[in-house]
Amino acid sequence: PVAQPASATGEHPPGAALVGTKYVKVPKNDPSQAKEANDAPKFPIAPRMTADKGRVPHVASTQQYLEMWQRSVDKPAEFFAEQARELLSWMTPFSVAHHGDLHHGDASWFLDGTLNASYICVDRHAFATPDKVAIIYEADHPDRPHVEITYRELLRQVCQLAGALHAQGLRKGDAVGIYLPNTAHAVVAMLACARLGLVHSVIFAGFSAEALRDRLRDCQCKVLITADQGMRAGKEINIKSIADEALREAPMVQKVIVHKRTGNPNVKMDPTRDIYWDEAVKSHRPYCPPVPMAAEDPLFMLYTSGSTGKPKGLMHTTAGYLLGAALSTKYVFDVHEGDKFACVADVGWITGHSYIVYGPLALGTTTLVFEGVPTWPEPDMYWRLIQKHKLTQFYTSPTALRALRKFGDEPVKKYDLTSVRVLGSVGEPIDPNTWMWLHDVVGKGEAAIVDTYWQTETGAHVLTPLPGAIETKPGSATVPFFGVRPAILDPQTGEELEGNDVSGVLAFKQAWPSMARTVFGDHDRYLETYVRPYPGYYFTGDGCTRDHDGYLWIKGRVDDVINNAGHRLSVAEIESALTAHETCAEAAVVGAPDEIAGQCVIAFVTLKHTHIPTSEIPALLTYAVRRSIGPIATPKRIIIVPDLPKTRSGKVMRRILRKIVANETDSLGDLSTLSDPSVVQTIIDLHNNKQ
Ligand code: PRX
């Protein structure tokens with residue numbers, strides 16, 4: 001059926017009103033948008049995909065991809081049932097593969113089956129290949145020896161921690177907060193929760209005490225697993241003291257398990273509440289049975305920012321999510337026996353969940369956890385890791401690559417990187433120059449590049465090339481993954497734009513197993529954000545072009561979300577952190593183009609008349625944002641202005657500010673609707689430092 005535009009259903013404001021209110025930079029269906037795409041070169045299947053005659057890619061031709069994809073969208077229940085039987089292990093087999101749809105937001109998969117994610121990721125490999133390395137943990141500094149954990153040992157560690165959690169009275173369905181540095185312990189903590197059916201909520205260790213507190217409160221965590229300190233580029237981060245501050249206002253957390261990461265004796269412990277990890281686990285058996293979970297039982301929740309309101313706790317299920325993670329790891333990275341897989345994200349983000357933990361471990365692969373940063377102590381940390389461990393897949397972000405590229409080719413050329421077959425990119429659009437550098441310098445023109453587009457909500461890749469089957473174009477996420485039926489919609493009418501050479505907003509026409517099922521505690525918000533804007537479709541929030549070959553090009557967010565270094569930041573959240581400060585009257589936050597981070601945060605603020613602009617105020621406001629959200633949301637600039645550009649009805653025109661920060665002041669558009677058009681020139685001058 002042809003989807004009704006959102007406006008026609010009466011469930012949403014009229015389509016036109018969507019533009020300029022919620023969705024901000026809506027790409028028009030302008031064929032010139034596809035020009036850059038249409039001029040792009042195309043690269044054939046990478047030589048390393050076929051170099052080893054004994055190893056045929058899982059999908060070895062475009063034809064094979066097309067057949068598999070077609071079946072996955074025409075007969076999803078059948079296709080995914082087969083995959084779920086092959087890739088997962090079932091305690092009780094399912095008989096109903098799929099139920100529900102996007103119209104109602106009730107899509108569910110393998111409903112009557114039971115399974116356990118920790119069993120799938122650990123036990124079955126501990127039984128079959130006990131001595132195989134499950135996790136390689138590389139700490140913050142290259143001089144610190146790495147740690148290898150076999151599947152046999154991983155099972156012991158997971159079981160002991162699960163025992164400790166059980167002893168705290170935690171039972172299936174209870175929520176556990178994890179606020180840990182990116183270490184093997186974080187992986188063990190997640191799997192220990194999964195073993196008991198505890199819903200983990202990992203909070204990235206770069207979030208502030210306030211952000212941690214809000215997330216712990218929202219999901220009513222009973223236990224927090226954290227560390228004494230973290231290490232980042234040689235500096236100690238006082239994780240425990242941040243956690244202590246958060247817990248002062250999160251009394252539902254009754255127990256805190258603390259991993260001794262640095263062992264700093266000055267870290268304070270509350271003897272009535274806190275216990276060191278080693279103490280907590282030592283009285284528990286190294287085996288504990290996995291709890292059978294229904295396929296649709298939650299595996300975890302993960303908070304992410306949207307265009308409005310507080311962060312959403314997106315809920316992922318046990319079977320559908322795990323299948324998406326395993327399936328995409330297998331096919332997109334073409335994982336084979338003996339591979340060593342590295343995703344250098346943080347487990348605090350969905351990328352870490354799916355491609356450090358659940359995907360690789362479900363397949364029984366060796367996965368690398370890297371605690372450090374790419375540029376410290378030298379800008380060769382990634383290349384060093386690849387050579388040292390002979391990594392076969394390496395998954396990183398455009399921001400990291402841009403930062404590394406600035407150091408030139410020499411740090412890369414020092415290392416033998418020939419073990420890598422697939423180089424992956426995720427989190428933000430990759431510009432063609434960075435793609436080419438990855439291809440030519442890191443991959444020597446021989447490794448496959450996969451630009452994988454997906455979201456916290458999608459659980460796993462949704463647009464991506466398969467390295468043995470799809471020719472690539474620098475800057476394009478290419479084609480849909482299995483089960484994904486993309487549509488480009490006219491943002492105003494909701495009408496689907498058929499054919500090639502079209503631009504609009506990206507939506508998906510049918511449900512796929514790994515999609516998030518709800519926003520924890522607020523299903524209506526889930527419907528409102530994802531399925532009501534264009535009924536019958538899942539709305540991604542991204543602009544997209546389909547070029548003349550049918551390849552898809554992501555154009556970035558069309559809502560009030562800033563993608564800074566791959567971190568998704570909400571304009572509304574940063575603005576409310578600013579206006580909560582005693583000096584600030586109003587704030588308008590926009591994303592500006594940034595050479596390394598893709599986008600950076602620029603804030604325009606007006607002060608209360610009780611305050612005069614001083615050079616200290618931007619620093620105070622910066623601190624307010626860091627306190628409320630964390631260092632990741634730090635504005636690059638805070639510009640104090642006499643007034644914000646507003647319509648006569650008082651609405652702030654961020655569109656104009658976006659143009660100013662992008663230095664596109666010659667195309668500001670119609671200013672006549674502003675209550676005071678003259679303020680625009682003042683803001684431009686202040687932005688250009690002329691005043
Ligand atoms: O705008 C898209 C961008 O990141 C958003 C999702 O952010 P998050 O939920 O934090 O997940 C990031 C890791 C999966 C998307 O809406 N994005 C992600 N990958 C790409 C991308 N934009 C362009 N190309 C990509 N490959």
# chains A, B, ... in the order shown; residues from 1 in each chain; ligands from 1
$ closest_atom_pairs --of "chain A" --to "ligand 1" --cutoff "7 Å" --atoms "only C-alpha atoms and all ligand atoms" --output "tab-separated table"
residue	atom	partner	partner_atom_place_in_ligand_line	distance
A:Thr304	CA	ligand 1	9 (O)	6.5
A:Trp349	CA	ligand 1	10 (O)	6.9
A:Ile350	CA	ligand 1	13 (C)	6.1
A:Thr351	CA	ligand 1	13 (C)	5.3
A:Ser425	CA	ligand 1	26 (N)	6.2
A:Val426	CA	ligand 1	26 (N)	4.4
A:Gly427	CA	ligand 1	18 (C)	3.5
A:Glu428	CA	ligand 1	22 (N)	3.6
A:Pro429	CA	ligand 1	23 (C)	3.4
A:Ile430	CA	ligand 1	24 (N)	6.2
A:Asp451	CA	ligand 1	26 (N)	5.0
A:Thr452	CA	ligand 1	26 (N)	4.3
A:Tyr453	CA	ligand 1	26 (N)	3.5
A:Trp454	CA	ligand 1	14 (C)	4.6
A:Gln455	CA	ligand 1	9 (O)	3.7
A:Thr456	CA	ligand 1	9 (O)	3.6
A:Glu457	CA	ligand 1	9 (O)	6.3
A:Ala477	CA	ligand 1	26 (N)	5.9
A:Thr540	CA	ligand 1	16 (O)	6.1
A:Gly541	CA	ligand 1	16 (O)	6.1
A:Asp542	CA	ligand 1	1 (O)	5.6
A:Ile554	CA	ligand 1	23 (C)	5.0
A:Lys555	CA	ligand 1	23 (C)	6.9
A:Gly556	CA	ligand 1	1 (O)	4.8
A:Arg557	CA	ligand 1	1 (O)	4.9
A:Asn563	CA	ligand 1	4 (O)	6.7
A:Gly566	CA	ligand 1	12 (C)	6.3
A:His567	CA	ligand 1	10 (O)	5.7
A:Arg568	CA	ligand 1	10 (O)	4.9
$ write_last_selection --atoms "N, CA and C atoms" --output "tab-separated table (two decimals), in the first residue's frame"
chain	number	residue	atom	x	y	z
A	304	THR	N	20.35	7.10	23.93
A	304	THR	CA	20.85	7.92	22.84
A	304	THR	C	20.04	9.20	22.77
A	349	TRP	N	29.04	2.59	23.40
A	349	TRP	CA	28.18	2.95	22.27
A	349	TRP	C	27.65	1.69	21.61
A	350	ILE	N	26.66	1.85	20.75
A	350	ILE	CA	26.08	0.67	20.10
A	350	ILE	C	27.14	-0.05	19.24
A	351	THR	N	28.07	0.71	18.66
A	351	THR	CA	29.09	0.06	17.83
A	351	THR	C	29.88	-0.96	18.65
A	425	SER	N	34.19	1.56	8.32
A	425	SER	CA	34.01	2.92	8.80
A	425	SER	C	32.57	3.07	9.28
A	426	VAL	N	32.38	3.81	10.36
A	426	VAL	CA	31.03	3.95	10.91
A	426	VAL	C	30.90	5.22	11.74
A	427	GLY	N	29.68	5.71	11.86
A	427	GLY	CA	29.37	6.76	12.83
A	427	GLY	C	29.01	8.09	12.21
A	428	GLU	N	29.48	8.35	11.01
A	428	GLU	CA	29.25	9.64	10.37
A	428	GLU	C	29.60	9.45	8.90
A	429	PRO	N	29.17	10.39	8.08
A	429	PRO	CA	29.54	10.26	6.67
A	429	PRO	C	31.06	10.33	6.53
A	430	ILE	N	31.62	9.46	5.70
A	430	ILE	CA	33.07	9.52	5.45
A	430	ILE	C	33.27	10.31	4.16
A	451	ASP	N	31.81	1.03	4.22
A	451	ASP	CA	31.24	2.20	4.90
A	451	ASP	C	29.86	1.77	5.37
A	452	THR	N	29.75	1.52	6.67
A	452	THR	CA	28.53	0.91	7.21
A	452	THR	C	27.65	1.98	7.85
A	453	TYR	N	26.46	2.13	7.34
A	453	TYR	CA	25.51	3.08	7.92
A	453	TYR	C	24.52	2.33	8.80
A	454	TRP	N	24.37	2.80	10.02
A	454	TRP	CA	23.36	2.25	10.92
A	454	TRP	C	23.21	3.17	12.11
A	455	GLN	N	22.43	2.76	13.10
A	455	GLN	CA	22.12	3.62	14.25
A	455	GLN	C	21.94	2.76	15.50
A	456	THR	N	21.96	3.43	16.65
A	456	THR	CA	21.65	2.74	17.91
A	456	THR	C	20.32	1.98	17.74
A	457	GLU	N	19.38	2.61	17.07
A	457	GLU	CA	18.04	2.04	16.92
A	457	GLU	C	18.02	0.81	16.01
A	477	ALA	N	27.43	4.60	1.36
A	477	ALA	CA	27.20	3.38	2.14
A	477	ALA	C	26.55	2.31	1.26
A	540	THR	N	14.52	7.32	9.75
A	540	THR	CA	15.88	7.31	10.30
A	540	THR	C	16.32	8.65	10.87
A	541	GLY	N	15.77	9.75	10.35
A	541	GLY	CA	16.27	11.08	10.75
A	541	GLY	C	17.44	11.55	9.89
A	542	ASP	N	17.80	10.77	8.87
A	542	ASP	CA	18.91	11.16	7.99
A	542	ASP	C	18.41	11.51	6.59
A	554	ILE	N	24.42	8.86	2.38
A	554	ILE	CA	23.83	9.51	3.55
A	554	ILE	C	24.30	10.96	3.61
A	555	LYS	N	23.34	11.85	3.82
A	555	LYS	CA	23.66	13.29	3.81
A	555	LYS	C	23.66	13.89	5.21
A	556	GLY	N	23.54	13.09	6.23
A	556	GLY	CA	23.57	13.62	7.60
A	556	GLY	C	22.18	13.85	8.15
A	557	ARG	N	22.12	14.18	9.43
A	557	ARG	CA	20.85	14.29	10.15
A	557	ARG	C	20.02	15.46	9.62
A	563	ASN	N	26.25	15.57	15.01
A	563	ASN	CA	27.12	14.40	15.01
A	563	ASN	C	28.56	14.88	15.16
A	566	GLY	N	31.29	11.46	15.58
A	566	GLY	CA	30.52	10.22	15.67
A	566	GLY	C	29.65	10.15	16.92
A	567	HIS	N	29.73	11.14	17.80
A	567	HIS	CA	28.88	11.15	18.99
A	567	HIS	C	27.61	11.93	18.67
A	568	ARG	N	26.51	11.32	19.05
A	568	ARG	CA	25.23	11.92	18.71
A	568	ARG	C	24.81	12.84	19.83
$ closest_atom_pairs --of "stretch 333-418 of chain A" --to "stretch 52-65 of chain A" --cutoff "10 Å" --atoms "only C-alpha atoms" --output "tab-separated table"
residue	atom	partner	partner_atom	distance
A:Phe333	CA	A:His58	CA	9.6
A:Asp334	CA	A:His58	CA	6.2
A:Val335	CA	A:His58	CA	8.3
A:His336	CA	A:Arg55	CA	8.1
A:Glu337	CA	A:Arg55	CA	9.7
$ residues_around --residues "stretch 518-525 of chain A" --least-positions-apart "5" --cutoff "8 Å" --atoms "only C-alpha atoms" --output "VMD selection string"
chain A and resid 219 301 312 to 316
$ write_last_selection --atoms "N, CA and C atoms" --output "mmCIF file, in the first residue's frame"
data_model
loop_
_atom_site.group_PDB
_atom_site.id
_atom_site.type_symbol
_atom_site.label_atom_id
_atom_site.label_comp_id
_atom_site.auth_asym_id
_atom_site.auth_seq_id
_atom_site.Cartn_x
_atom_site.Cartn_y
_atom_site.Cartn_z
ATOM 1 N N CYS A 219 16.253 4.062 34.332
ATOM 2 C CA CYS A 219 16.010 2.613 34.195
ATOM 3 C C CYS A 219 16.002 1.911 35.547
ATOM 4 N N MET A 301 19.456 -2.074 27.327
ATOM 5 C CA MET A 301 19.007 -0.791 26.816
ATOM 6 C C MET A 301 20.217 0.116 26.697
ATOM 7 N N LYS A 312 16.826 8.887 25.230
ATOM 8 C CA LYS A 312 15.906 7.750 25.186
ATOM 9 C C LYS A 312 16.669 6.466 25.481
ATOM 10 N N GLY A 313 16.105 5.619 26.311
ATOM 11 C CA GLY A 313 16.709 4.304 26.562
ATOM 12 C C GLY A 313 16.153 3.330 25.543
ATOM 13 N N LEU A 314 16.899 3.094 24.466
ATOM 14 C CA LEU A 314 16.385 2.195 23.428
ATOM 15 C C LEU A 314 16.563 0.759 23.872
ATOM 16 N N MET A 315 15.502 -0.014 23.703
ATOM 17 C CA MET A 315 15.512 -1.372 24.219
ATOM 18 C C MET A 315 15.718 -2.372 23.079
ATOM 19 N N HIS A 316 16.720 -3.216 23.231
ATOM 20 C CA HIS A 316 16.983 -4.267 22.243
ATOM 21 C C HIS A 316 16.685 -5.645 22.832
#
$ select_by_dssp --residues "stretch 489-615 of chain A" --states "strand (DSSP E or B)" --output "JSON list (two decimals) with N, CA, C and O atoms, in the first residue's frame"
[["chain", "number", "residue", "atom", "x", "y", "z"],
["A", 489, "LEU", "N", 12.01, 9.34, 0.94],
["A", 489, "LEU", "CA", 10.71, 10.00, 0.99],
["A", 489, "LEU", "C", 10.87, 11.50, 0.78],
["A", 489, "LEU", "O", 11.87, 12.09, 1.21],
["A", 496, "GLU", "N", 6.85, 8.46, -1.48],
["A", 496, "GLU", "CA", 8.11, 7.77, -1.77],
["A", 496, "GLU", "C", 8.65, 8.20, -3.13],
["A", 496, "GLU", "O", 7.91, 8.23, -4.12],
["A", 502, "VAL", "N", 17.45, 10.62, -6.93],
["A", 502, "VAL", "CA", 16.49, 11.31, -6.06],
["A", 502, "VAL", "C", 17.11, 11.56, -4.69],
["A", 502, "VAL", "O", 17.99, 10.82, -4.24],
["A", 503, "SER", "N", 16.62, 12.62, -4.04],
["A", 503, "SER", "CA", 17.09, 12.96, -2.69],
["A", 503, "SER", "C", 15.90, 13.24, -1.79],
["A", 503, "SER", "O", 14.92, 13.85, -2.22],
["A", 504, "GLY", "N", 16.02, 12.83, -0.54],
["A", 504, "GLY", "CA", 14.95, 13.09, 0.43],
["A", 504, "GLY", "C", 15.39, 12.59, 1.79],
["A", 504, "GLY", "O", 16.58, 12.62, 2.11],
["A", 505, "VAL", "N", 14.43, 12.11, 2.57],
["A", 505, "VAL", "CA", 14.80, 11.53, 3.86],
["A", 505, "VAL", "C", 14.75, 10.01, 3.75],
["A", 505, "VAL", "O", 13.96, 9.44, 3.00],
["A", 506, "LEU", "N", 15.62, 9.37, 4.53],
["A", 506, "LEU", "CA", 15.73, 7.91, 4.46],
["A", 506, "LEU", "C", 14.78, 7.24, 5.44],
["A", 506, "LEU", "O", 14.73, 7.61, 6.62],
["A", 507, "ALA", "N", 14.03, 6.28, 4.92],
["A", 507, "ALA", "CA", 13.14, 5.50, 5.78],
["A", 507, "ALA", "C", 13.24, 4.04, 5.36],
["A", 507, "ALA", "O", 13.78, 3.73, 4.30],
["A", 508, "PHE", "N", 12.73, 3.15, 6.20],
["A", 508, "PHE", "CA", 12.72, 1.73, 5.85],
["A", 508, "PHE", "C", 11.29, 1.24, 5.84],
["A", 508, "PHE", "O", 10.49, 1.58, 6.70],
["A", 518, "THR", "N", 11.42, -0.60, 21.59],
["A", 518, "THR", "CA", 10.70, 0.45, 22.31],
["A", 518, "THR", "C", 11.70, 1.40, 22.95],
["A", 518, "THR", "O", 12.91, 1.14, 22.95],
["A", 519, "VAL", "N", 11.19, 2.51, 23.43],
["A", 519, "VAL", "CA", 11.98, 3.39, 24.30],
["A", 519, "VAL", "C", 11.58, 2.99, 25.71],
["A", 519, "VAL", "O", 10.38, 2.98, 26.03],
["A", 538, "TYR", "N", 9.78, 3.13, 9.02],
["A", 538, "TYR", "CA", 10.70, 3.51, 10.11],
["A", 538, "TYR", "C", 11.48, 4.71, 9.60],
["A", 538, "TYR", "O", 12.12, 4.65, 8.53],
["A", 539, "PHE", "N", 11.44, 5.81, 10.32],
["A", 539, "PHE", "CA", 12.10, 7.05, 9.91],
["A", 539, "PHE", "C", 13.46, 7.15, 10.58],
["A", 539, "PHE", "O", 13.57, 7.08, 11.80],
["A", 540, "THR", "N", 14.52, 7.32, 9.75],
["A", 540, "THR", "CA", 15.88, 7.31, 10.30],
["A", 540, "THR", "C", 16.32, 8.65, 10.87],
["A", 540, "THR", "O", 17.23, 8.70, 11.70],
["A", 541, "GLY", "N", 15.77, 9.75, 10.35],
["A", 541, "GLY", "CA", 16.27, 11.08, 10.75],
["A", 541, "GLY", "C", 17.44, 11.55, 9.89],
["A", 541, "GLY", "O", 18.00, 12.61, 10.14],
["A", 542, "ASP", "N", 17.80, 10.77, 8.87],
["A", 542, "ASP", "CA", 18.91, 11.16, 7.99],
["A", 542, "ASP", "C", 18.41, 11.51, 6.59],
["A", 542, "ASP", "O", 17.47, 10.90, 6.08],
["A", 543, "GLY", "N", 19.10, 12.49, 5.98],
["A", 543, "GLY", "CA", 18.87, 12.78, 4.57],
["A", 543, "GLY", "C", 19.65, 11.79, 3.72],
["A", 543, "GLY", "O", 20.65, 11.22, 4.18],
["A", 544, "CYS", "N", 19.17, 11.56, 2.50],
["A", 544, "CYS", "CA", 19.81, 10.52, 1.68],
["A", 544, "CYS", "C", 19.57, 10.79, 0.19],
["A", 544, "CYS", "O", 18.52, 11.27, -0.20],
["A", 545, "THR", "N", 20.58, 10.47, -0.60],
["A", 545, "THR", "CA", 20.45, 10.55, -2.07],
["A", 545, "THR", "C", 20.64, 9.16, -2.65],
["A", 545, "THR", "O", 21.48, 8.40, -2.18],
["A", 546, "ARG", "N", 19.82, 8.84, -3.66],
["A", 546, "ARG", "CA", 20.08, 7.61, -4.42],
["A", 546, "ARG", "C", 20.63, 8.04, -5.77],
["A", 546, "ARG", "O", 19.98, 8.80, -6.48],
["A", 552, "LEU", "N", 23.27, 4.38, -2.38],
["A", 552, "LEU", "CA", 22.73, 5.32, -1.39],
["A", 552, "LEU", "C", 23.86, 6.12, -0.75],
["A", 552, "LEU", "O", 24.92, 5.56, -0.41],
["A", 553, "TRP", "N", 23.60, 7.41, -0.57],
["A", 553, "TRP", "CA", 24.57, 8.35, 0.01],
["A", 553, "TRP", "C", 23.90, 9.06, 1.17],
["A", 553, "TRP", "O", 22.92, 9.78, 0.97],
["A", 554, "ILE", "N", 24.42, 8.86, 2.38],
["A", 554, "ILE", "CA", 23.83, 9.51, 3.55],
["A", 554, "ILE", "C", 24.30, 10.96, 3.61],
["A", 554, "ILE", "O", 25.49, 11.24, 3.49],
["A", 555, "LYS", "N", 23.34, 11.85, 3.82],
["A", 555, "LYS", "CA", 23.66, 13.29, 3.81],
["A", 555, "LYS", "C", 23.66, 13.89, 5.21],
["A", 555, "LYS", "O", 23.74, 15.11, 5.34],
["A", 556, "GLY", "N", 23.54, 13.09, 6.23],
["A", 556, "GLY", "CA", 23.57, 13.62, 7.60],
["A", 556, "GLY", "C", 22.18, 13.85, 8.15],
["A", 556, "GLY", "O", 21.17, 13.70, 7.45],
["A", 557, "ARG", "N", 22.12, 14.18, 9.43],
["A", 557, "ARG", "CA", 20.85, 14.29, 10.15],
["A", 557, "ARG", "C", 20.02, 15.46, 9.62],
["A", 557, "ARG", "O", 20.56, 16.51, 9.30],
["A", 561, "VAL", "N", 20.00, 17.11, 15.72],
["A", 561, "VAL", "CA", 21.02, 16.25, 16.31],
["A", 561, "VAL", "C", 22.35, 16.63, 15.67],
["A", 561, "VAL", "O", 22.44, 16.80, 14.46],
["A", 562, "ILE", "N", 23.37, 16.82, 16.50],
["A", 562, "ILE", "CA", 24.70, 17.14, 15.99],
["A", 562, "ILE", "C", 25.55, 15.88, 16.09],
["A", 562, "ILE", "O", 25.54, 15.20, 17.10],
["A", 563, "ASN", "N", 26.25, 15.57, 15.01],
["A", 563, "ASN", "CA", 27.12, 14.40, 15.01],
["A", 563, "ASN", "C", 28.56, 14.88, 15.16],
["A", 563, "ASN", "O", 29.22, 15.22, 14.19],
["A", 564, "ASN", "N", 29.03, 14.92, 16.40],
["A", 564, "ASN", "CA", 30.38, 15.41, 16.69],
["A", 564, "ASN", "C", 31.29, 14.21, 16.92],
["A", 564, "ASN", "O", 31.10, 13.46, 17.88],
["A", 567, "HIS", "N", 29.73, 11.14, 17.80],
["A", 567, "HIS", "CA", 28.88, 11.15, 18.99],
["A", 567, "HIS", "C", 27.61, 11.93, 18.67],
["A", 567, "HIS", "O", 27.66, 13.04, 18.17],
["A", 568, "ARG", "N", 26.51, 11.32, 19.05],
["A", 568, "ARG", "CA", 25.23, 11.92, 18.71],
["A", 568, "ARG", "C", 24.81, 12.84, 19.83],
["A", 568, "ARG", "O", 24.58, 12.39, 20.95],
["A", 569, "LEU", "N", 24.73, 14.13, 19.56],
["A", 569, "LEU", "CA", 24.43, 15.11, 20.60],
["A", 569, "LEU", "C", 23.13, 15.83, 20.27],
["A", 569, "LEU", "O", 22.88, 16.19, 19.12],
["A", 570, "SER", "N", 22.34, 16.04, 21.31],
["A", 570, "SER", "CA", 21.06, 16.71, 21.10],
["A", 570, "SER", "C", 21.23, 18.21, 21.33],
["A", 570, "SER", "O", 21.70, 18.64, 22.38],
["A", 584, "CYS", "N", 22.83, 32.72, 31.97],
["A", 584, "CYS", "CA", 22.34, 32.57, 30.59],
["A", 584, "CYS", "C", 20.82, 32.78, 30.50],
["A", 584, "CYS", "O", 20.06, 32.15, 31.23],
["A", 585, "ALA", "N", 20.42, 33.63, 29.57],
["A", 585, "ALA", "CA", 18.99, 33.83, 29.36],
["A", 585, "ALA", "C", 18.47, 32.87, 28.29],
["A", 585, "ALA", "O", 17.51, 32.14, 28.51],
["A", 586, "GLU", "N", 19.11, 32.89, 27.14],
["A", 586, "GLU", "CA", 18.66, 32.03, 26.03],
["A", 586, "GLU", "C", 19.88, 31.42, 25.35],
["A", 586, "GLU", "O", 20.96, 32.01, 25.36],
["A", 587, "ALA", "N", 19.66, 30.28, 24.72],
["A", 587, "ALA", "CA", 20.78, 29.65, 24.02],
["A", 587, "ALA", "C", 20.26, 29.02, 22.74],
["A", 587, "ALA", "O", 19.15, 28.50, 22.69],
["A", 588, "ALA", "N", 21.08, 29.10, 21.70],
["A", 588, "ALA", "CA", 20.77, 28.39, 20.44],
["A", 588, "ALA", "C", 22.05, 27.68, 20.02],
["A", 588, "ALA", "O", 23.10, 28.30, 19.89],
["A", 589, "VAL", "N", 21.93, 26.38, 19.84],
["A", 589, "VAL", "CA", 23.11, 25.55, 19.54],
["A", 589, "VAL", "C", 22.98, 25.01, 18.12],
["A", 589, "VAL", "O", 21.90, 24.55, 17.73],
["A", 590, "VAL", "N", 24.07, 25.09, 17.38],
["A", 590, "VAL", "CA", 24.06, 24.52, 16.03],
["A", 590, "VAL", "C", 25.35, 23.73, 15.80],
["A", 590, "VAL", "O", 26.33, 23.91, 16.50],
["A", 591, "GLY", "N", 25.31, 22.88, 14.78],
["A", 591, "GLY", "CA", 26.50, 22.14, 14.39],
["A", 591, "GLY", "C", 27.20, 22.91, 13.26],
["A", 591, "GLY", "O", 26.55, 23.38, 12.34],
["A", 592, "ALA", "N", 28.52, 23.02, 13.36],
["A", 592, "ALA", "CA", 29.29, 23.68, 12.30],
["A", 592, "ALA", "C", 30.23, 22.65, 11.68],
["A", 592, "ALA", "O", 30.66, 21.72, 12.36],
["A", 593, "PRO", "N", 30.55, 22.83, 10.40],
["A", 593, "PRO", "CA", 31.48, 21.88, 9.78],
["A", 593, "PRO", "C", 32.82, 21.92, 10.50],
["A", 593, "PRO", "O", 33.29, 22.99, 10.88],
["A", 594, "ASP", "N", 33.41, 20.73, 10.72],
["A", 594, "ASP", "CA", 34.69, 20.67, 11.42],
["A", 594, "ASP", "C", 35.61, 19.71, 10.67],
["A", 594, "ASP", "O", 35.21, 18.61, 10.31],
["A", 598, "GLY", "N", 34.04, 16.25, 11.84],
["A", 598, "GLY", "CA", 32.85, 16.26, 10.98],
["A", 598, "GLY", "C", 31.98, 17.46, 11.29],
["A", 598, "GLY", "O", 31.76, 18.33, 10.46],
["A", 599, "GLN", "N", 31.48, 17.49, 12.52],
["A", 599, "GLN", "CA", 30.70, 18.63, 13.00],
["A", 599, "GLN", "C", 31.17, 18.98, 14.40],
["A", 599, "GLN", "O", 31.54, 18.09, 15.17],
["A", 600, "CYS", "N", 31.12, 20.27, 14.73],
["A", 600, "CYS", "CA", 31.41, 20.66, 16.10],
["A", 600, "CYS", "C", 30.24, 21.50, 16.62],
["A", 600, "CYS", "O", 29.38, 21.92, 15.84],
["A", 601, "VAL", "N", 30.21, 21.70, 17.92],
["A", 601, "VAL", "CA", 29.10, 22.41, 18.56],
["A", 601, "VAL", "C", 29.44, 23.89, 18.70],
["A", 601, "VAL", "O", 30.48, 24.23, 19.26],
["A", 602, "ILE", "N", 28.59, 24.77, 18.20],
["A", 602, "ILE", "CA", 28.75, 26.20, 18.41],
["A", 602, "ILE", "C", 27.49, 26.70, 19.12],
["A", 602, "ILE", "O", 26.37, 26.39, 18.70],
["A", 603, "ALA", "N", 27.68, 27.43, 20.21],
["A", 603, "ALA", "CA", 26.52, 27.92, 20.98],
["A", 603, "ALA", "C", 26.46, 29.45, 20.90],
["A", 603, "ALA", "O", 27.48, 30.12, 21.06],
["A", 604, "PHE", "N", 25.27, 29.95, 20.64],
["A", 604, "PHE", "CA", 25.02, 31.39, 20.71],
["A", 604, "PHE", "C", 24.16, 31.60, 21.95],
["A", 604, "PHE", "O", 23.13, 30.92, 22.11],
["A", 605, "VAL", "N", 24.58, 32.54, 22.81],
["A", 605, "VAL", "CA", 23.81, 32.73, 24.04],
["A", 605, "VAL", "C", 23.54, 34.22, 24.26],
["A", 605, "VAL", "O", 24.32, 35.08, 23.85],
["A", 606, "THR", "N", 22.42, 34.49, 24.92],
["A", 606, "THR", "CA", 22.18, 35.84, 25.43],
["A", 606, "THR", "C", 22.24, 35.73, 26.95],
["A", 606, "THR", "O", 21.93, 34.67, 27.52],
["A", 607, "LEU", "N", 22.64, 36.84, 27.58],
["A", 607, "LEU", "CA", 22.79, 36.82, 29.04],
["A", 607, "LEU", "C", 21.60, 37.49, 29.71],
["A", 607, "LEU", "O", 20.92, 38.34, 29.12]]
$ residues_around --residues "A:Cys288" --least-positions-apart "4" --cutoff "8 Å" --atoms "only C-alpha atoms" --output "list in words"
Cys159, Gln160, Ala162 and Gly163 of chain A
$ residues_around --residues "stretch 377-380 of chain A" --least-positions-apart "6" --cutoff "9 Å" --atoms "only C-alpha atoms" --output "PDB file with C-alpha atoms, in the first residue's frame"
ATOM      1  CA  HIS A 141      49.796   2.260  26.623  1.00  0.00           C
ATOM      2  CA  PRO A 142      51.783   0.064  24.199  1.00  0.00           C
ATOM      3  CA  ALA A 233      45.967   9.100  26.776  1.00  0.00           C
ATOM      4  CA  GLY A 234      48.076   8.530  29.878  1.00  0.00           C
ATOM      5  CA  ALA A 403      42.903  12.779  12.837  1.00  0.00           C
ATOM      6  CA  LEU A 404      45.426  10.112  11.799  1.00  0.00           C
ATOM      7  CA  PHE A 407      50.113  12.906  10.509  1.00  0.00           C
ATOM      8  CA  PRO A 411      53.217   6.293  10.599  1.00  0.00           C
ATOM      9  CA  VAL A 412      51.137   3.875   8.509  1.00  0.00           C
ATOM     10  CA  LYS A 414      56.109   1.650   9.138  1.00  0.00           C
ATOM     11  CA  TYR A 415      53.824  -1.322   9.691  1.00  0.00           C
TER      12      TYR A 415
END
